[in-house]
Amino acid sequence: MKKCKHCEGSLSFWSWKAKDKFIVAFKEVKEIKFGYLVSCPECGSIYTKTSYPVGKGNIQLNKVVKSELASIEKWNESKLTPTKEQLKVLKEIGATPPDAYTNGSDTISFPCKVILKNKKELDYCYLYFRMQSPLKSNLYGAKRHYLLNEVDTILPSEYALTKEVRYATTRANELQMSFAPTVVIGPDKKKYYFNWTNEFIAFKDWVGSDIKLPKDYSYNYKKPPEGGIIPLNHDYHIILGDWSNSLLKLRIQEG
């Protein structure tokens with residue numbers, strides 16, 4: 001099968017100017033929340049063209065697999081805003097901000113535990129308020145995604161890192177390609193490190209409050225600490241809510 005000259009291999013950018021000739025060429029199929037379903041002018045492949053919350057006039061383009069259309073329709077028809085009770089808990093948890101390189105600017109993220117309306121409890125949940133629809137390419141390997149209107153109760157997770165540690169991981173400098181360490185102290189008093197932004201811990205039998213920043217904390221550790229990296233080896237779930245600028249004030253600030 002021949003590659004499409006227009007869209008194949010042309011989607012390496014995560015944010016486009018809405019008036020870019022490449023973007024303008026796509027044909028609108030249907031209006032959806034925060035954007036449109038569009039089709040490639042050459043091959044007819046379907047994409048979501050979604051507003052990007054950072055950068056005036058910017059949009060994102062994501063390819064849609066046919067089997068994903070039902071999920072998009074369900075998401076599009078649902079109002080996904082937190083209740084007053086849920087919002088109180090989210091204020092307590094605090095949203096993890098984008099990293100120092102602006103990765104994550106399109107998402108307002110809360111690590112949490114939830115109880116679904118069917119009474120099922122789920123831990124290691126990332127509650128994402130976004131403009132993007134629930135495409136697999138946007139779900140980062142999550143075991144499963146749910147819509148916020150499927151959630152009854154939001155709770156703090158004992159496995160979520162503290163606000164202080166989460167914020168520190170977002171400020172880490174990239175010292176080498178794909179290596180942006182944040183050194184922390186474990187309950188065994190050894191130094192370990194996280195790579196890039198981290199929101200949960202799934203390591204030994206530790207909980208989030210066990211992890212502290214060292215007194216000599218720095219963004220520029222040159223030598224990996226004795227304990228090595230703390231990986232996140234745990235299934236996780238994504239809960240999708242609708243982007244709202246009002247939630248931006250819940251992002252964690254320094255200090």
# chains A, B, ... in the order shown; residues from 1 in each chain; ligands from 1
>>> residues_around(residues="A:Trp196", least_positions_apart="2", cutoff="9 Å", atoms="only C-alpha atoms", output="PyMOL selection string")
chain A and resi 99+169-174+178-182+194+198
>>> write_last_selection(atoms="N, CA, C and O atoms", output="short mmCIF file (atom, residue, chain, number, x, y, z; two decimals), in the first residue's frame")
data_model
loop_
_atom_site.label_atom_id
_atom_site.label_comp_id
_atom_site.auth_asym_id
_atom_site.auth_seq_id
_atom_site.Cartn_x
_atom_site.Cartn_y
_atom_site.Cartn_z
N ASP A 99 6.14 20.28 32.55
CA ASP A 99 7.55 20.31 32.92
C ASP A 99 8.22 21.59 32.41
O ASP A 99 7.59 22.43 31.78
N THR A 169 9.87 17.19 40.29
CA THR A 169 10.13 16.37 39.09
C THR A 169 9.80 17.11 37.81
O THR A 169 10.36 16.81 36.75
N THR A 170 8.92 18.10 37.89
CA THR A 170 8.59 18.87 36.68
C THR A 170 9.64 19.93 36.36
O THR A 170 9.66 20.47 35.27
N ARG A 171 10.50 20.23 37.33
CA ARG A 171 11.53 21.26 37.11
C ARG A 171 12.87 20.65 36.70
O ARG A 171 13.84 21.39 36.47
N ALA A 172 12.97 19.33 36.61
CA ALA A 172 14.25 18.68 36.35
C ALA A 172 14.83 19.09 35.00
O ALA A 172 14.11 19.20 34.00
N ASN A 173 16.11 19.32 34.98
CA ASN A 173 16.82 19.64 33.74
C ASN A 173 17.17 18.37 32.99
O ASN A 173 17.53 17.36 33.60
N GLU A 174 17.09 18.42 31.67
CA GLU A 174 17.50 17.30 30.84
C GLU A 174 19.03 17.35 30.70
O GLU A 174 19.57 18.13 29.92
N SER A 178 16.85 12.39 27.03
CA SER A 178 15.87 11.57 27.74
C SER A 178 16.28 11.26 29.18
O SER A 178 15.80 10.29 29.77
N PHE A 179 17.12 12.08 29.76
CA PHE A 179 17.56 11.89 31.14
C PHE A 179 17.42 13.21 31.89
O PHE A 179 18.21 14.14 31.72
N ALA A 180 16.35 13.29 32.68
CA ALA A 180 16.07 14.50 33.47
C ALA A 180 15.79 14.05 34.91
O ALA A 180 14.64 13.87 35.30
N PRO A 181 16.83 13.85 35.70
CA PRO A 181 16.66 13.23 37.02
C PRO A 181 16.26 14.21 38.13
O PRO A 181 16.64 15.37 38.12
N THR A 182 15.47 13.68 39.07
CA THR A 182 15.18 14.37 40.32
C THR A 182 15.59 13.44 41.44
O THR A 182 15.02 12.34 41.58
N PHE A 194 14.01 9.95 40.27
CA PHE A 194 12.96 9.82 39.27
C PHE A 194 13.48 10.40 37.97
O PHE A 194 14.29 11.33 37.99
N ASN A 198 7.06 12.70 37.51
CA ASN A 198 6.45 11.54 38.15
C ASN A 198 5.36 12.00 39.09
O ASN A 198 5.49 13.03 39.76
#
>>> residues_around(residues="stretch 121-123 of chain A", least_positions_apart="2", cutoff="8 Å", atoms="only C-alpha atoms", output="PyMOL selection string")
chain A and resi 112-116+119+125+157+236-237
>>> closest_residue(among="A:His145, A:Lys84, A:Lys191, A:Lys17", to="A:Ser71", atoms="only C-alpha atoms")
A:His145
>>> closest_residue(among="A:Thr162, A:Ser45, A:Asn62, A:Asn118", to="A:His6", atoms="only C-alpha atoms")
A:Ser45
